[in-house]
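Asks: Here you go, this is final16.tsv (TSV, C-alpha atoms).
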```
chain	number	residue	atom	x	y	z
A	1	MET	CA	140.01	102.33	196.73
A	2	LYS	CA	141.91	104.23	199.41
A	3	LYS	CA	139.89	107.43	198.69
A	4	ALA	CA	136.63	105.51	198.94
A	5	LEU	CA	137.65	104.12	202.30
A	6	ILE	CA	138.51	107.58	203.62
A	7	SER	CA	135.15	108.95	202.46
A	8	LEU	CA	133.30	106.13	204.11
A	9	VAL	CA	135.13	106.77	207.39
A	10	LEU	CA	134.35	110.49	207.16
A	11	VAL	CA	130.64	109.90	206.57
A	12	PHE	CA	130.53	107.48	209.45
A	13	ALA	CA	132.27	109.99	211.69
A	14	LEU	CA	129.71	112.69	210.83
A	15	LEU	CA	126.77	110.40	211.38
A	16	SER	CA	128.15	109.22	214.71
A	17	THR	CA	128.61	112.82	215.82
A	18	CYS	CA	124.91	113.42	215.23
A	19	VAL	CA	124.01	110.27	217.11
A	20	PHE	CA	126.25	111.15	220.05
A	21	SER	CA	124.92	114.65	220.03
A	22	ALA	CA	121.44	113.29	220.32
A	23	VAL	CA	122.43	111.03	223.12
A	24	PHE	CA	124.51	113.44	225.22
A	25	ALA	CA	122.69	116.71	224.66
A	26	SER	CA	120.30	116.85	227.58
A	27	TYR	CA	120.17	120.51	228.63
A	28	SER	CA	117.80	122.66	226.61
A	29	ALA	CA	116.51	126.16	226.77
A	30	SER	CA	114.50	128.32	224.43
A	31	ASP	CA	113.18	131.81	224.30
A	32	THR	CA	110.59	133.26	221.92
A	33	LYS	CA	109.92	136.88	221.27
A	34	THR	CA	106.87	137.90	219.31
A	35	ILE	CA	106.77	141.21	217.57
A	36	THR	CA	103.52	142.48	216.12
A	37	ALA	CA	103.78	144.89	213.23
A	38	THR	CA	100.65	146.95	212.71
A	39	VAL	CA	99.90	149.35	209.92
A	40	SER	CA	99.57	152.89	211.20
A	41	ALA	CA	96.29	154.12	209.80
A	42	PHE	CA	96.40	157.37	207.85
A	43	GLY	CA	93.35	158.33	209.87
A	44	ILE	CA	92.24	161.37	207.89
A	45	ASP	CA	88.47	161.17	207.87
A	46	SER	CA	87.69	163.97	205.49
A	47	ILE	CA	89.15	166.76	203.44
A	48	THR	CA	86.65	169.34	202.30
A	49	VAL	CA	87.50	172.18	199.97
A	50	THR	CA	84.97	174.73	198.78
A	51	ALA	CA	85.27	177.21	195.95
A	52	ALA	CA	81.96	178.81	195.15
A	53	ASP	CA	80.79	180.39	191.94
A	54	ILE	CA	80.72	184.06	192.79
A	55	PRO	CA	79.77	187.34	191.14
A	56	LEU	CA	82.34	190.10	190.89
A	57	ALA	CA	81.23	193.70	191.06
A	58	PRO	CA	82.67	197.07	192.07
A	59	GLY	CA	82.95	197.43	195.82
A	60	GLY	CA	82.73	193.69	196.30
A	61	SER	CA	85.00	191.32	198.16
A	62	ASP	CA	84.71	187.72	199.26
A	63	VAL	CA	86.51	184.56	200.17
A	64	LEU	CA	87.29	182.40	197.16
A	65	ALA	CA	88.15	179.08	198.82
A	66	THR	CA	88.00	177.38	202.19
A	67	ALA	CA	89.16	174.02	203.48
A	68	ALA	CA	88.52	171.70	206.39
A	69	VAL	CA	90.36	168.55	207.46
A	70	THR	CA	89.33	166.17	210.22
A	71	GLY	CA	90.67	162.92	211.58
A	72	THR	CA	93.20	161.40	213.93
A	73	PRO	CA	96.16	160.33	211.84
A	74	GLN	CA	98.50	157.75	213.29
A	75	VAL	CA	101.37	159.32	211.39
A	76	ASP	CA	102.74	162.85	211.32
A	77	VAL	CA	100.97	164.82	208.62
A	78	ALA	CA	101.18	168.17	206.87
A	79	ILE	CA	98.37	170.10	205.16
A	80	THR	CA	99.39	172.10	202.11
A	81	TYR	CA	97.65	173.87	199.24
A	82	SER	CA	97.96	174.38	195.53
A	83	ALA	CA	95.88	176.45	193.15
A	84	ASP	CA	95.14	176.65	189.47
A	85	LEU	CA	93.88	180.05	188.36
A	86	ALA	CA	92.74	180.54	184.78
A	87	PHE	CA	91.25	183.70	183.30
A	88	ALA	CA	88.86	183.24	180.39
A	89	ALA	CA	90.25	184.22	177.00
A	90	ASP	CA	90.19	187.97	176.36
A	91	SER	CA	88.94	188.59	179.87
A	92	PHE	CA	89.28	192.04	181.34
A	93	GLU	CA	90.07	193.64	178.04
A	94	ILE	CA	88.20	196.82	177.30
A	95	ALA	CA	88.35	199.11	174.28
A	96	ALA	CA	91.38	198.73	172.02
A	97	ASP	CA	92.41	195.53	173.80
A	98	GLU	CA	93.42	197.48	176.86
A	99	LEU	CA	93.97	195.23	179.86
A	100	TYR	CA	91.87	196.49	182.75
A	101	CYS	CA	91.57	194.12	185.69
A	102	PRO	CA	90.47	195.75	188.96
A	103	ILE	CA	90.43	192.38	190.74
A	104	ILE	CA	92.86	192.01	193.63
A	105	PHE	CA	93.69	188.58	195.03
A	106	ILE	CA	94.70	188.36	198.65
A	107	VAL	CA	96.74	185.48	199.99
A	108	ASN	CA	98.15	185.58	203.50
A	109	SER	CA	97.28	189.28	203.72
A	110	VAL	CA	99.39	190.05	200.66
A	111	GLU	CA	97.68	191.63	197.64
A	112	TYR	CA	98.37	190.44	194.11
A	113	LYS	CA	97.08	192.55	191.23
A	114	ILE	CA	98.06	193.95	187.86
A	115	GLY	CA	100.96	196.30	188.48
A	116	SER	CA	102.08	194.89	191.80
A	117	THR	CA	105.28	192.93	192.35
A	118	TYR	CA	106.15	189.75	194.17
A	119	THR	CA	109.37	187.87	194.74
A	120	PRO	CA	109.16	184.17	193.99
A	121	ASP	CA	112.94	183.81	194.26
A	122	THR	CA	115.59	186.47	194.52
A	123	THR	CA	114.29	188.73	191.76
A	124	PRO	CA	111.09	190.78	192.11
A	125	VAL	CA	108.57	190.07	189.37
A	126	THR	CA	106.09	192.67	188.16
A	127	ILE	CA	102.61	191.40	187.42
A	128	ALA	CA	101.92	192.88	184.00
A	129	THR	CA	99.58	190.38	182.36
A	130	LEU	CA	96.81	188.06	183.40
A	131	ALA	CA	99.23	185.16	182.91
A	132	ASP	CA	101.56	186.87	185.38
A	133	LEU	CA	98.66	187.28	187.79
A	134	GLU	CA	97.76	183.61	187.47
A	135	ALA	CA	101.36	182.61	188.19
A	136	ALA	CA	101.62	184.97	191.14
A	137	VAL	CA	98.43	183.73	192.80
A	138	GLU	CA	99.31	180.10	192.22
A	139	TRP	CA	102.75	180.72	193.71
A	140	ALA	CA	101.30	182.55	196.69
A	141	VAL	CA	98.90	179.72	197.49
A	142	SER	CA	101.71	177.18	197.28
A	143	GLN	CA	103.63	179.27	199.83
A	144	ILE	CA	100.93	179.14	202.49
A	145	PRO	CA	102.80	177.62	205.44
A	146	ALA	CA	102.07	173.93	205.92
A	147	GLN	CA	99.92	173.01	208.88
A	148	ASN	CA	101.75	170.21	210.67
A	149	TYR	CA	100.18	167.73	213.05
A	150	ASP	CA	102.04	165.13	215.05
A	151	LYS	CA	100.76	161.58	214.95
A	152	ASN	CA	97.78	160.67	217.11
A	153	THR	CA	96.75	164.29	217.32
A	154	THR	CA	93.11	165.02	216.67
A	155	VAL	CA	92.93	167.14	213.57
A	156	ASN	CA	89.96	169.46	213.38
A	157	TYR	CA	91.42	172.02	211.02
A	158	THR	CA	89.58	174.72	209.14
A	159	ASN	CA	90.87	177.46	206.91
A	160	ASP	CA	88.08	179.94	206.26
A	161	ASN	CA	90.13	182.02	203.87
A	162	ILE	CA	92.71	180.31	201.73
A	163	LEU	CA	92.49	183.25	199.39
A	164	SER	CA	90.05	186.04	198.73
A	165	TRP	CA	89.34	188.78	196.22
A	166	LYS	CA	88.28	192.37	196.27
A	167	TRP	CA	87.48	194.98	193.68
A	168	ASP	CA	90.15	197.66	193.70
A	169	THR	CA	88.68	200.64	195.54
A	170	ALA	CA	90.75	202.92	193.32
A	171	SER	CA	89.18	201.52	190.17
A	172	ASP	CA	88.00	203.63	187.25
A	173	ASN	CA	84.20	203.88	187.31
A	174	THR	CA	83.99	204.42	183.55
A	175	LYS	CA	86.15	201.38	182.83
A	176	ASP	CA	84.35	199.31	185.47
A	177	LYS	CA	81.14	199.74	183.50
A	178	GLN	CA	82.80	198.41	180.36
A	179	LEU	CA	83.36	195.04	181.99
A	180	ASP	CA	80.68	192.40	181.77
A	181	ASN	CA	80.08	188.73	182.36
A	182	THR	CA	82.50	187.66	179.67
A	183	ASP	CA	85.18	188.78	182.12
A	184	LYS	CA	85.77	185.89	184.46
A	185	PHE	CA	88.21	183.41	185.92
A	186	THR	CA	88.10	179.84	187.16
A	187	LEU	CA	89.94	178.86	190.28
A	188	SER	CA	90.72	175.35	191.47
A	189	VAL	CA	92.16	174.93	194.93
A	190	THR	CA	93.56	171.65	196.21
A	191	ALA	CA	94.21	170.82	199.85
A	192	THR	CA	96.61	167.94	200.33
A	193	VAL	CA	97.30	166.01	203.50
A	194	THR	CA	100.63	164.21	203.31
A	195	GLN	CA	102.43	161.95	205.74
A	196	ARG	CA	105.68	163.63	206.71
B	197	MET	CA	133.57	134.75	189.38
B	198	LYS	CA	132.39	137.61	187.21
B	199	LYS	CA	128.87	136.13	187.00
B	200	THR	CA	128.80	135.75	190.77
B	201	LEU	CA	129.76	139.39	191.25
B	202	ILE	CA	127.01	140.55	188.87
B	203	SER	CA	124.48	138.42	190.69
B	204	VAL	CA	125.51	139.87	194.03
B	205	LEU	CA	125.26	143.44	192.71
B	206	LEU	CA	121.83	142.69	191.28
B	207	ILE	CA	120.58	141.36	194.59
B	208	VAL	CA	121.99	144.38	196.44
B	209	SER	CA	120.32	146.63	193.92
B	210	LEU	CA	116.95	144.96	194.36
B	211	LEU	CA	117.25	145.06	198.12
B	212	SER	CA	118.15	148.76	198.12
B	213	THR	CA	115.24	149.54	195.81
B	214	ALA	CA	112.90	147.84	198.20
B	215	LEU	CA	114.46	149.70	201.11
B	216	PHE	CA	114.06	153.11	199.49
B	217	SER	CA	110.53	152.24	198.46
B	218	VAL	CA	109.74	151.72	202.10
B	219	VAL	CA	111.36	155.03	203.02
B	220	PHE	CA	109.49	157.12	200.46
B	221	ALA	CA	106.07	155.49	200.59
B	222	ALA	CA	103.86	157.90	202.51
B	223	TYR	CA	100.18	158.44	203.00
B	224	SER	CA	98.71	161.26	201.01
B	225	ASP	CA	95.23	162.42	200.17
B	226	SER	CA	93.89	165.56	198.58
B	227	LYS	CA	90.67	167.21	197.52
B	228	THR	CA	90.11	169.90	194.93
B	229	ALA	CA	87.29	172.39	194.55
B	230	THR	CA	86.71	174.58	191.54
B	231	GLY	CA	84.70	177.77	191.30
B	232	THR	CA	84.15	180.40	188.68
B	233	ALA	CA	84.06	184.11	189.41
B	234	THR	CA	82.31	186.25	186.85
B	235	VAL	CA	82.04	190.00	186.58
B	236	SER	CA	78.48	191.14	187.07
B	237	ALA	CA	77.77	193.49	184.21
B	238	PHE	CA	76.37	196.92	185.07
B	239	ASN	CA	74.48	196.97	181.76
B	240	VAL	CA	72.73	200.26	182.36
B	241	VAL	CA	72.31	202.94	179.73
B	242	ILE	CA	70.92	206.38	180.57
B	243	THR	CA	69.85	208.38	177.55
B	244	PRO	CA	68.99	212.04	178.08
B	245	THR	CA	67.26	214.08	175.43
B	246	ASP	CA	67.00	217.83	175.67
B	247	ASN	CA	65.34	220.14	173.24
B	248	ASP	CA	65.78	223.82	172.63
B	249	ILE	CA	62.28	224.91	171.85
B	250	THR	CA	60.41	228.14	171.43
B	251	LEU	CA	56.94	228.64	172.80
B	252	THR	CA	54.18	230.94	171.70
B	253	PRO	CA	50.54	231.26	172.75
B	254	ALA	CA	49.76	229.10	169.74
B	255	ASP	CA	51.58	226.11	171.25
B	256	THR	CA	48.58	224.61	172.91
B	257	THR	CA	49.65	221.07	172.14
B	258	PRO	CA	52.51	219.70	174.21
B	259	LYS	CA	56.08	220.12	173.01
B	260	ALA	CA	58.82	217.83	174.22
B	261	LEU	CA	61.12	219.68	176.54
B	262	ALA	CA	63.32	216.97	178.02
B	263	SER	CA	63.36	213.26	178.64
B	264	VAL	CA	65.52	210.61	180.21
B	265	THR	CA	65.31	206.91	179.42
B	266	VAL	CA	66.92	204.15	181.42
B	267	THR	CA	67.53	200.80	179.78
B	268	GLY	CA	69.44	197.65	180.57
B	269	THR	CA	69.29	194.63	182.82
B	270	PRO	CA	72.03	194.99	185.43
B	271	ASP	CA	73.53	191.83	186.90
B	272	VAL	CA	73.80	193.65	190.19
B	273	ALA	CA	71.26	195.18	192.50
B	274	VAL	CA	70.98	198.91	191.89
B	275	THR	CA	69.18	201.96	193.09
B	276	VAL	CA	67.48	204.35	190.70
B	277	ALA	CA	67.18	207.98	191.68
B	278	TYR	CA	66.08	211.19	189.99
B	279	THR	CA	66.61	214.81	190.85
B	280	ALA	CA	65.38	217.85	188.96
B	281	GLU	CA	66.07	221.55	188.95
B	282	LEU	CA	63.68	223.91	187.21
B	283	THR	CA	64.52	227.55	186.61
B	284	LEU	CA	61.94	229.98	185.30
B	285	GLY	CA	63.45	233.23	184.08
B	286	ASN	CA	61.61	236.50	183.54
B	287	TRP	CA	58.04	235.24	183.58
B	288	THR	CA	56.91	238.58	184.95
B	289	VAL	CA	54.26	240.99	183.74
B	290	ASN	CA	53.70	244.25	185.51
B	291	GLY	CA	55.85	243.09	188.35
B	292	GLU	CA	53.82	239.93	188.91
B	293	PHE	CA	54.70	236.34	188.15
B	294	TYR	CA	52.78	235.15	185.11
B	295	CYS	CA	53.60	231.79	183.56
B	296	PRO	CA	50.91	230.33	181.27
B	297	ILE	CA	52.86	227.13	180.75
B	298	ALA	CA	51.63	223.67	181.66
B	299	PHE	CA	54.22	221.03	182.46
B	300	THR	CA	53.17	217.46	181.73
B	301	ILE	CA	55.14	214.64	183.31
B	302	GLY	CA	53.78	211.25	182.49
B	303	THR	CA	50.05	211.53	183.00
B	304	LYS	CA	50.25	214.48	185.35
B	305	THR	CA	49.96	218.08	184.26
B	306	ILE	CA	51.06	220.90	186.52
B	307	LYS	CA	50.28	224.58	185.99
B	308	MET	CA	49.52	227.75	187.86
B	309	GLY	CA	46.18	227.64	189.65
B	310	ASP	CA	46.22	223.89	190.17
B	311	VAL	CA	45.11	222.63	193.50
B	312	ILE	CA	47.71	220.54	195.17
B	313	GLU	CA	47.83	218.78	198.49
B	314	ALA	CA	45.90	220.22	201.41
B	315	GLU	CA	43.90	222.29	198.98
B	316	ASN	CA	46.82	224.60	198.34
B	317	VAL	CA	46.72	226.36	195.03
B	318	ILE	CA	49.84	226.89	193.00
B	319	ASP	CA	49.98	230.65	192.87
B	320	THR	CA	53.68	231.49	193.09
B	321	ALA	CA	56.74	230.73	191.01
B	322	GLU	CA	58.25	228.83	193.91
B	323	GLU	CA	55.22	226.58	194.25
B	324	LEU	CA	55.12	225.88	190.51
B	325	ILE	CA	58.81	225.03	190.51
B	326	ALA	CA	58.47	222.88	193.62
B	327	ALA	CA	55.53	220.97	192.17
B	328	VAL	CA	57.37	220.19	188.92
B	329	GLU	CA	60.57	219.20	190.67
B	330	ALA	CA	58.66	217.00	193.12
B	331	GLU	CA	56.97	215.17	190.27
B	332	LEU	CA	60.33	214.45	188.65
B	333	THR	CA	62.19	213.57	191.83
B	334	LEU	CA	62.62	209.94	192.79
B	335	ALA	CA	64.35	208.96	196.01
B	336	ALA	CA	66.86	206.14	195.64
B	337	THR	CA	64.72	203.14	194.83
B	338	PRO	CA	66.18	199.65	195.23
B	339	VAL	CA	65.97	197.36	192.22
B	340	ILE	CA	66.98	193.73	192.51
B	341	ALA	CA	69.66	192.25	190.27
B	342	GLY	CA	68.47	191.03	186.90
B	343	THR	CA	65.60	193.48	186.57
B	344	ASN	CA	64.96	194.85	183.11
B	345	LEU	CA	64.86	198.59	183.68
B	346	ALA	CA	63.47	199.46	180.26
B	347	GLY	CA	60.30	201.50	180.45
B	348	GLN	CA	60.13	201.51	184.23
B	349	TYR	CA	62.07	204.59	185.18
B	350	ASP	CA	61.79	206.89	182.19
B	351	LYS	CA	60.93	210.54	182.63
B	352	ALA	CA	59.57	212.86	179.96
B	353	VAL	CA	58.48	216.43	180.26
B	354	THR	CA	56.37	218.30	177.75
B	355	VAL	CA	55.22	221.88	177.90
B	356	SER	CA	52.27	223.65	176.39
B	357	TRP	CA	50.83	227.17	176.45
B	358	VAL	CA	47.70	227.40	178.52
B	359	SER	CA	46.71	231.01	178.18
B	360	THR	CA	44.65	232.67	180.83
B	361	ASP	CA	45.17	236.27	179.79
B	362	ALA	CA	45.95	237.27	176.18
B	363	GLU	CA	47.10	240.70	177.23
B	364	LYS	CA	49.65	239.31	179.61
B	365	ASP	CA	50.71	236.77	177.00
B	366	ASN	CA	51.57	239.61	174.71
B	367	ALA	CA	53.53	241.31	177.42
B	368	LEU	CA	55.92	238.40	177.76
B	369	THR	CA	59.19	238.63	175.85
B	370	SER	CA	61.86	236.24	174.68
B	371	ALA	CA	63.58	236.91	177.97
B	372	ALA	CA	61.13	234.45	179.51
B	373	THR	CA	62.94	231.14	179.70
B	374	ILE	CA	62.49	227.66	181.06
B	375	ASN	CA	65.55	225.70	182.07
B	376	LEU	CA	65.04	222.19	183.29
B	377	GLU	CA	67.84	219.90	184.44
B	378	ILE	CA	66.95	216.27	185.13
B	379	THR	CA	69.54	213.90	186.58
B	380	ALA	CA	69.05	210.17	186.69
B	381	THR	CA	71.49	208.25	188.89
B	382	ILE	CA	71.78	204.46	188.81
B	383	THR	CA	74.03	203.13	191.52
B	384	GLN	CA	75.18	199.62	192.25
B	385	GLN	CA	74.02	198.64	195.71
```
If you convert what's in this file into structure tokens, what do you get?

Replies:
Amino acid sequence: MKKALISLVLVFALLSTCVFSAVFASYSASDTKTITATVSAFGIDSITVTAADIPLAPGGSDVLATAAVTGTPQVDVAITYSADLAFAADSFEIAADELYCPIIFIVNSVEYKIGSTYTPDTTPVTIATLADLEAAVEWAVSQIPAQNYDKNTTVNYTNDNILSWKWDTASDNTKDKQLDNTDKFTLSVTATVTQR
Amino acid sequence: MKKTLISVLLIVSLLSTALFSVVFAAYSDSKTATGTATVSAFNVVITPTDNDITLTPADTTPKALASVTVTGTPDVAVTVAYTAELTLGNWTVNGEFYCPIAFTIGTKTIKMGDVIEAENVIDTAEELIAAVEAELTLAATPVIAGTNLAGQYDKAVTVSWVSTDAEKDNALTSAATINLEITATITQQ
């Protein structure tokens, strides 16, 4: 009974506090701040990559892939590349399964061909097979320095020569003539624009 | 108490996942192009045929002396060229050049006494040699890629005895020789 009485008094006290608060609180002030959060548009209008079907012949040379990027990104972006090079089965094999590939790939002014070396990490690697050549070219393309653009910068970027090829000028004329249109490769080049 | 702690950890975990998701979500777009590069085959075969033959006054029908055939369909543009070098040895009777041989190249026959351009008559060894070599010579001729060369650039030379003087024929010896060298050159443009 005593506990019930105390509880009743306590409830009454709380209620009365609210009432008195309502009665005596007369000053009032308020302040509102509105923050608008807007999505920053990626703003890249187009990415165009070209990789034409081309003929290879002694004395020849040409660009293999180009890229163009336009837009006005509202975020910082970077343009990077990757490549997938694949020689057709048994390509560039002449008599007695001898590997003879006079094709030189050029990335960033560096030549990659059978017999040359490159250094993907701390150890130089000799390009001895077509698989090695594929790996070397793909690595080289991935190492093309990223093109960075700060946000709200107009991007009108073109790369007229991501990589190119040329027929080795020191090739063997007799072996050159043993190659034909079963000797070929397919190259896919990807240009990627990424927010950074 | 233990359940409360687990609940708190779970909430923190969810919140942190959301936070990191925000950090790592970034715009990205890419485009890929694929091309195929194929070796253009040269695909040209030059087949020379040379014959060691003997000639007598009885050989009035043509005998094959030399020929060159060019076959193939190159994937590349090429030029076709011919050069020829004819040497006539010891066709001399009584100190004078005497060569009763007719050279037939295609449909054209060339021999001593023929009238050539500007009404000049072939009456010296040099003129006979020049006329034969000129008929066999072809300046570098462009041929577009994919052209079947078979039958278009072949050269064949036959020789026959066209006697004009039996006495002089008899005076010739086996020292009289004909040496003809024909070179066909197919070059990628």

Asks: Could the residues of chain A that have an atom at most 7 Å from chain B be listed as a tab-separated table, each with its closest atom pair and the distance in Å to one decimal, counting all atoms listed in the file and ordered by chain and ascending residue number?

Replies:
```
residue	atom	partner	partner_atom	distance
A:Phe42	CA	B:Tyr223	CA	6.2
A:Ile47	CA	B:Lys227	CA	6.1
A:Thr48	CA	B:Lys227	CA	6.6
A:Val49	CA	B:Ala229	CA	5.4
A:Thr50	CA	B:Ala229	CA	5.4
A:Ala51	CA	B:Gly231	CA	4.7
A:Ala52	CA	B:Gly231	CA	4.8
A:Asp53	CA	B:Thr232	CA	4.7
A:Ile54	CA	B:Ala233	CA	4.8
A:Pro55	CA	B:Thr234	CA	5.1
A:Leu56	CA	B:Val235	CA	4.3
A:Ala57	CA	B:Ser236	CA	5.5
A:Lys177	CA	B:Phe238	CA	5.8
A:Leu179	CA	B:Ala237	CA	6.2
A:Asp180	CA	B:Ala237	CA	4.0
A:Asn181	CA	B:Val235	CA	4.8
A:Asp183	CA	B:Val235	CA	5.6
A:Lys184	CA	B:Thr234	CA	4.2
A:Phe185	CA	B:Ala233	CA	5.5
A:Thr186	CA	B:Thr232	CA	4.3
A:Leu187	CA	B:Gly231	CA	5.4
A:Ser188	CA	B:Thr230	CA	4.1
A:Val189	CA	B:Thr228	CA	5.4
A:Thr190	CA	B:Thr228	CA	4.1
A:Ala191	CA	B:Ser226	CA	5.4
A:Thr192	CA	B:Ser226	CA	4.0
A:Val193	CA	B:Asp225	CA	5.3
A:Thr194	CA	B:Ser224	CA	4.2
A:Gln195	CA	B:Tyr223	CA	5.0
```

Asks: Any idea what the distance is between CA of Thr373 (chain B) and CA of Ile306 (chain B)?

Replies: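 Separation between CA of Thr373 (chain B) and CA of Ile306 (chain B): 17.1 Å.
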
Asks: So which residues touch Ile312 (chain B) within 10 Å, counting only C-alpha atoms, skipping near sequence neighbours fewer than 6 positions away, as a JSON list (two decimals) with C-alpha atoms, in the frame of the given file?

Replies:
```json
[["chain", "number", "residue", "atom", "x", "y", "z"],
["B", 306, "ILE", "CA", 51.06, 220.90, 186.52],
["B", 318, "ILE", "CA", 49.84, 226.89, 193.00],
["B", 323, "GLU", "CA", 55.22, 226.58, 194.25],
["B", 327, "ALA", "CA", 55.53, 220.97, 192.17]]
```

Asks: For a test of reading the model, state the distance in Å between CA of Asp172 (chain A) and CA of Val274 (chain B), rounded to one decimal.

Replies: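 Result for CA of Asp172 (chain A) versus CA of Val274 (chain B): 18.3 Å, one decimal.
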
Asks: Residues near Val125 (chain A), anyone? I mean within 10 Å using only C-alpha atoms, not counting same-chain ones fewer than 6 positions away, as a ChimeraX atom specification.

Replies: /A:115-119,132,136

Asks: Please save C-alpha atoms of the selected residues as a JSON list (two decimals), keeping the file's coordinate frame.

Replies:
```json
[["chain", "number", "residue", "atom", "x", "y", "z"],
["A", 115, "GLY", "CA", 100.96, 196.30, 188.48],
["A", 116, "SER", "CA", 102.08, 194.89, 191.80],
["A", 117, "THR", "CA", 105.28, 192.93, 192.35],
["A", 118, "TYR", "CA", 106.15, 189.75, 194.17],
["A", 119, "THR", "CA", 109.37, 187.87, 194.74],
["A", 132, "ASP", "CA", 101.56, 186.87, 185.38],
["A", 136, "ALA", "CA", 101.62, 184.97, 191.14]]
```

Asks: Please, what is the axis-aligned box for every listed atom of region 266-283 of chain B with 8 Å on each side, as centre and edge lengths in Å to one decimal, as JSON?

Replies:
```
{"center_x": 68.7, "center_y": 209.7, "center_z": 186.4, "size_x": 26.1, "size_y": 51.7, "size_z": 29.3}
```

Asks: Have a look at CA of Lys364 (chain B) and CA of Leu251 (chain B) and let me know their distance in Å, one decimal.

Replies: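 A separation of 14.6 Å between them.
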
Asks: Could you name the residues that touch Ser164 (chain A) at 7 Å or less, counting only C-alpha atoms, but leaving out those on the same chain fewer than 5 positions away, as a PDB file with C-alpha atoms, in the coordinates of the input?

Replies:
```pdb
ATOM      1  CA  ASP A  62      84.710 187.720 199.260  1.00  0.00           C
ATOM      2  CA  VAL A  63      86.510 184.560 200.170  1.00  0.00           C
ATOM      3  CA  LEU A  64      87.290 182.400 197.160  1.00  0.00           C
ATOM      4  CA  PHE A 105      93.690 188.580 195.030  1.00  0.00           C
ATOM      5  CA  ILE A 106      94.700 188.360 198.650  1.00  0.00           C
ATOM      6  CA  VAL A 107      96.740 185.480 199.990  1.00  0.00           C
TER       7      VAL A 107
END
```

Asks: Have a look at B:Pro253, B:Asp310, B:Cys295, B:Thr354 and name the one nearest to Asn366 (chain B); count all atoms listed in the file.

Replies: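 Selected residue with least distance to Asn366 (chain B): B:Pro253.
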
Asks: How would you write as an MDAnalysis selection string the residues that get within 12 Å of (98.1, 192.5, 185.6) in the file's frame, counting only C-alpha atoms?

Replies: chainID A and resid 87 91:93 98:105 112:117 125:137

Asks: Can you tell me which residues surround Glu138 (chain A) at a distance of at most 7 Å, considering all atoms listed in the file, apart from same-chain residues fewer than 5 positions away, and format the answer as a ChimeraX atom specification?

Replies: /A:82-85

Asks: What's around Val155 (chain A) at 6 Å? Count all atoms listed in the file, leave out sequence neighbours fewer than 5 positions away in its own chain, and write the answer as a ChimeraX atom specification.

Replies: /A:70-72

Asks: Could you save the residues just selected, with C-alpha atoms, as a PDB file, keeping the file's coordinate frame?

Replies:
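As written to disk, selection00.pdb reads:
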```pdb
ATOM      1  CA  THR A  70      89.330 166.170 210.220  1.00  0.00           C
ATOM      2  CA  GLY A  71      90.670 162.920 211.580  1.00  0.00           C
ATOM      3  CA  THR A  72      93.200 161.400 213.930  1.00  0.00           C
TER       4      THR A  72
END
```

Asks: Which of these, B:Pro258, B:Pro244, B:Gly268, B:Gly347, has the shortest distance to Thr300 (chain B) once you count all atoms listed in the file?

Replies: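 Of B:Pro258, B:Pro244, B:Gly268, B:Gly347, the one nearest Thr300 (chain B) is B:Pro258, counting all atoms listed in the file.
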
Asks: Which residue out of B:Asp350, B:Glu331, B:Glu377, B:Glu363 has the minimum interatomic distance to Thr267 (chain B) when all atoms listed in the file are used?

Replies: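 Answer, going by the shortest atom-to-atom distance: B:Asp350.
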
Asks: For region 144-150 of chain A, write N, CA, C and O atoms out as a PDB file, in the first residue's frame.

Replies:
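File written: out.pdb
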```
ATOM      1  N   ILE A 144      50.850   0.669 -69.294  1.00  0.00           N
ATOM      2  CA  ILE A 144      50.733   2.014 -69.872  1.00  0.00           C
ATOM      3  C   ILE A 144      50.262   2.946 -68.758  1.00  0.00           C
ATOM      4  O   ILE A 144      49.249   2.679 -68.103  1.00  0.00           O
ATOM      5  N   PRO A 145      50.984   4.021 -68.507  1.00  0.00           N
ATOM      6  CA  PRO A 145      50.625   4.896 -67.389  1.00  0.00           C
ATOM      7  C   PRO A 145      49.176   5.377 -67.477  1.00  0.00           C
ATOM      8  O   PRO A 145      48.701   5.754 -68.553  1.00  0.00           O
ATOM      9  N   ALA A 146      48.506   5.364 -66.347  1.00  0.00           N
ATOM     10  CA  ALA A 146      47.111   5.812 -66.305  1.00  0.00           C
ATOM     11  C   ALA A 146      47.025   7.291 -66.635  1.00  0.00           C
ATOM     12  O   ALA A 146      47.894   8.078 -66.255  1.00  0.00           O
ATOM     13  N   GLN A 147      45.983   7.632 -67.373  1.00  0.00           N
ATOM     14  CA  GLN A 147      45.717   9.041 -67.663  1.00  0.00           C
ATOM     15  C   GLN A 147      44.731   9.524 -66.609  1.00  0.00           C
ATOM     16  O   GLN A 147      43.592   9.060 -66.556  1.00  0.00           O
ATOM     17  N   ASN A 148      45.168  10.439 -65.768  1.00  0.00           N
ATOM     18  CA  ASN A 148      44.320  10.908 -64.672  1.00  0.00           C
ATOM     19  C   ASN A 148      43.694  12.262 -65.005  1.00  0.00           C
ATOM     20  O   ASN A 148      44.355  13.141 -65.565  1.00  0.00           O
ATOM     21  N   TYR A 149      42.443  12.392 -64.648  1.00  0.00           N
ATOM     22  CA  TYR A 149      41.738  13.668 -64.816  1.00  0.00           C
ATOM     23  C   TYR A 149      41.056  14.013 -63.506  1.00  0.00           C
ATOM     24  O   TYR A 149      40.386  13.171 -62.902  1.00  0.00           O
ATOM     25  N   ASP A 150      41.246  15.260 -63.086  1.00  0.00           N
ATOM     26  CA  ASP A 150      40.559  15.721 -61.883  1.00  0.00           C
ATOM     27  C   ASP A 150      39.099  15.960 -62.206  1.00  0.00           C
ATOM     28  O   ASP A 150      38.730  16.206 -63.362  1.00  0.00           O
TER      29      ASP A 150
END
```
